[in-house]
Amino acid sequence: MAGNPVGWFEIYVQDLPRARRFYETVLGTTLHKLPSGLIEMWAFPQTFESYGSSGSLVKAEGVASGGNSTIVYFHSEDCATEAGRVAAAGGRLLREKFAIGEYGFVALAFDTEGNLIGLHSLR
């Protein structure tokens, strides 16, 4: 397999408007509604001309949020910036920015729905 093996991600939530505000505030971006039938989905920005994958927030009956073992890492210029927005956006910072050797830096946070996410930067 060539290229990035991650094609898509979904973060399941219970309160979609609250979760949407959290991610838009922390990441400084706008999510877009996807036509998705029986479930409600709001997608993160994406382009097929650059590195990385995209995904969406999802509200689906019978699917719980939080308590999973998968962490989505969001790229940034300096993850301390986004980490600094977490509490004001209704989340909880688990670990402030820390070095991961030659791979840069990460910070870990819980979103408003109890999902653990990562923030990554090279500086």
# chains A, B, ... in the order shown; residues from 1 in each chain; ligands from 1

$ residues_around --residues "Thr25 of chain A" --least-positions-apart "6" --cutoff "12 Å" --atoms "only C-alpha atoms" --output "list in words"
Arg18, Ala19, Leu31, Thr81, Glu82, Ala83, Gly84, Arg85, Val86, Ala87, Ala88, Ala89, Gly90, Gly91, Asp111 and Thr112 of chain A

$ residues_around --residues "Glu102 of chain A" --least-positions-apart "5" --cutoff "12 Å" --atoms "only C-alpha atoms" --output "ChimeraX atom specification"
/A:121-123

$ write_last_selection --atoms "N, CA and C atoms" --output "PDB file, in the first residue's frame"
ATOM      1  N   SER A 121       2.276  18.619  16.416  1.00  0.00           N
ATOM      2  CA  SER A 121       3.011  19.617  15.638  1.00  0.00           C
ATOM      3  C   SER A 121       4.474  19.209  15.576  1.00  0.00           C
ATOM      4  N   LEU A 122       5.160  19.742  14.581  1.00  0.00           N
ATOM      5  CA  LEU A 122       6.583  19.441  14.444  1.00  0.00           C
ATOM      6  C   LEU A 122       7.439  20.389  15.270  1.00  0.00           C
ATOM      7  N   ARG A 123       6.855  21.484  15.733  1.00  0.00           N
ATOM      8  CA  ARG A 123       7.617  22.415  16.581  1.00  0.00           C
ATOM      9  C   ARG A 123       6.877  22.694  17.873  1.00  0.00           C
TER      10      ARG A 123
END

$ residues_around --residues "segment 55-65 of chain A" --least-positions-apart "3" --cutoff "8 Å" --atoms "only C-alpha atoms" --output "tab-separated table (two decimals) with N, CA and C atoms, in the first residue's frame"
chain	number	residue	atom	x	y	z
A	8	TRP	N	-10.15	7.73	6.33
A	8	TRP	CA	-11.29	8.45	6.90
A	8	TRP	C	-11.35	8.15	8.38
A	9	PHE	N	-11.90	9.05	9.17
A	9	PHE	CA	-12.16	8.75	10.57
A	9	PHE	C	-13.52	9.31	10.94
A	10	GLU	N	-14.10	8.74	11.97
A	10	GLU	CA	-15.37	9.24	12.52
A	10	GLU	C	-15.24	9.31	14.03
A	11	ILE	N	-15.70	10.42	14.60
A	11	ILE	CA	-15.71	10.60	16.04
A	11	ILE	C	-17.18	10.61	16.46
A	12	TYR	N	-17.60	9.59	17.18
A	12	TYR	CA	-19.01	9.49	17.57
A	12	TYR	C	-19.29	10.37	18.78
A	13	VAL	N	-20.41	11.07	18.73
A	13	VAL	CA	-20.76	12.06	19.75
A	13	VAL	C	-22.21	11.90	20.18
A	14	GLN	N	-22.55	12.43	21.34
A	14	GLN	CA	-23.92	12.42	21.82
A	14	GLN	C	-24.60	13.77	21.61
A	15	ASP	N	-23.87	14.86	21.75
A	15	ASP	CA	-24.40	16.21	21.59
A	15	ASP	C	-23.64	16.86	20.43
A	16	LEU	N	-24.18	16.73	19.23
A	16	LEU	CA	-23.49	17.18	18.03
A	16	LEU	C	-23.22	18.69	18.01
A	19	ALA	N	-20.29	19.31	20.40
A	19	ALA	CA	-19.05	18.76	19.88
A	19	ALA	C	-18.54	19.58	18.69
A	20	ARG	N	-19.45	19.99	17.83
A	20	ARG	CA	-19.06	20.82	16.67
A	20	ARG	C	-18.43	22.13	17.14
A	38	LEU	N	-29.68	8.66	7.34
A	38	LEU	CA	-30.25	8.47	8.66
A	38	LEU	C	-29.39	8.98	9.81
A	39	ILE	N	-28.13	9.28	9.54
A	39	ILE	CA	-27.25	9.79	10.59
A	39	ILE	C	-26.85	11.22	10.25
A	40	GLU	N	-26.48	11.97	11.27
A	40	GLU	CA	-26.05	13.35	11.05
A	40	GLU	C	-24.53	13.40	11.10
A	41	MET	N	-23.92	14.00	10.07
A	41	MET	CA	-22.47	14.06	9.98
A	41	MET	C	-22.02	15.48	9.63
A	42	TRP	N	-20.98	15.93	10.32
A	42	TRP	CA	-20.34	17.22	10.05
A	42	TRP	C	-18.86	16.93	9.81
A	43	ALA	N	-18.37	17.22	8.60
A	43	ALA	CA	-17.02	16.85	8.19
A	43	ALA	C	-16.00	17.94	8.46
A	44	PHE	N	-14.80	17.50	8.79
A	44	PHE	CA	-13.66	18.39	8.89
A	44	PHE	C	-13.24	18.77	7.47
A	68	ASN	N	-13.24	4.79	23.92
A	68	ASN	CA	-12.66	3.96	22.87
A	68	ASN	C	-11.14	3.92	23.00
A	113	GLU	N	-17.37	15.27	24.54
A	113	GLU	CA	-18.11	14.01	24.54
A	113	GLU	C	-17.35	12.88	25.23
A	114	GLY	N	-16.17	13.19	25.78
A	114	GLY	CA	-15.37	12.17	26.47
A	114	GLY	C	-14.40	11.44	25.58
A	115	ASN	N	-14.26	11.85	24.31
A	115	ASN	CA	-13.29	11.22	23.39
A	115	ASN	C	-11.90	11.81	23.62

$ select_by_dssp --residues "chain A" --states "strand (DSSP E)" --output "VMD selection string"
chain A and resid 8 to 12 32 to 34 40 to 43 54 to 59 72 to 75 92 to 99 105 to 110 116 to 121

$ residues_around --residues "Ala107 of chain A" --least-positions-apart "3" --cutoff "6 Å" --atoms "only C-alpha atoms" --output "JSON, numbers by chain"
{"A": [95, 96, 97, 118, 119]}

$ write_last_selection --atoms "N, CA and C atoms" --output "PDB file, in the first residue's frame"
ATOM      1  N   ARG A  95      -2.917  16.171  28.940  1.00  0.00           N
ATOM      2  CA  ARG A  95      -1.471  16.364  29.007  1.00  0.00           C
ATOM      3  C   ARG A  95      -1.071  17.515  28.101  1.00  0.00           C
ATOM      4  N   GLU A  96      -0.411  18.502  28.671  1.00  0.00           N
ATOM      5  CA  GLU A  96       0.072  19.640  27.896  1.00  0.00           C
ATOM      6  C   GLU A  96       1.112  19.184  26.889  1.00  0.00           C
ATOM      7  N   LYS A  97       1.468  20.064  25.973  1.00  0.00           N
ATOM      8  CA  LYS A  97       2.449  19.783  24.928  1.00  0.00           C
ATOM      9  C   LYS A  97       3.702  19.135  25.512  1.00  0.00           C
ATOM     10  N   GLY A 118      -5.640  13.734  20.105  1.00  0.00           N
ATOM     11  CA  GLY A 118      -4.275  14.229  20.144  1.00  0.00           C
ATOM     12  C   GLY A 118      -4.123  15.445  19.260  1.00  0.00           C
ATOM     13  N   LEU A 119      -3.233  16.321  19.652  1.00  0.00           N
ATOM     14  CA  LEU A 119      -2.859  17.496  18.856  1.00  0.00           C
ATOM     15  C   LEU A 119      -1.380  17.346  18.570  1.00  0.00           C
TER      16      LEU A 119
END

$ closest_residue --among "A:Leu94, A:Ser36, A:Ile117, A:Glu49" --to "Thr70 of chain A" --atoms "only C-alpha atoms"
A:Ile117

$ atom_distance --atom1 "atom CA of Gly52 of chain A" --atom2 "atom CA of Gly28 of chain A"
17.3 Å
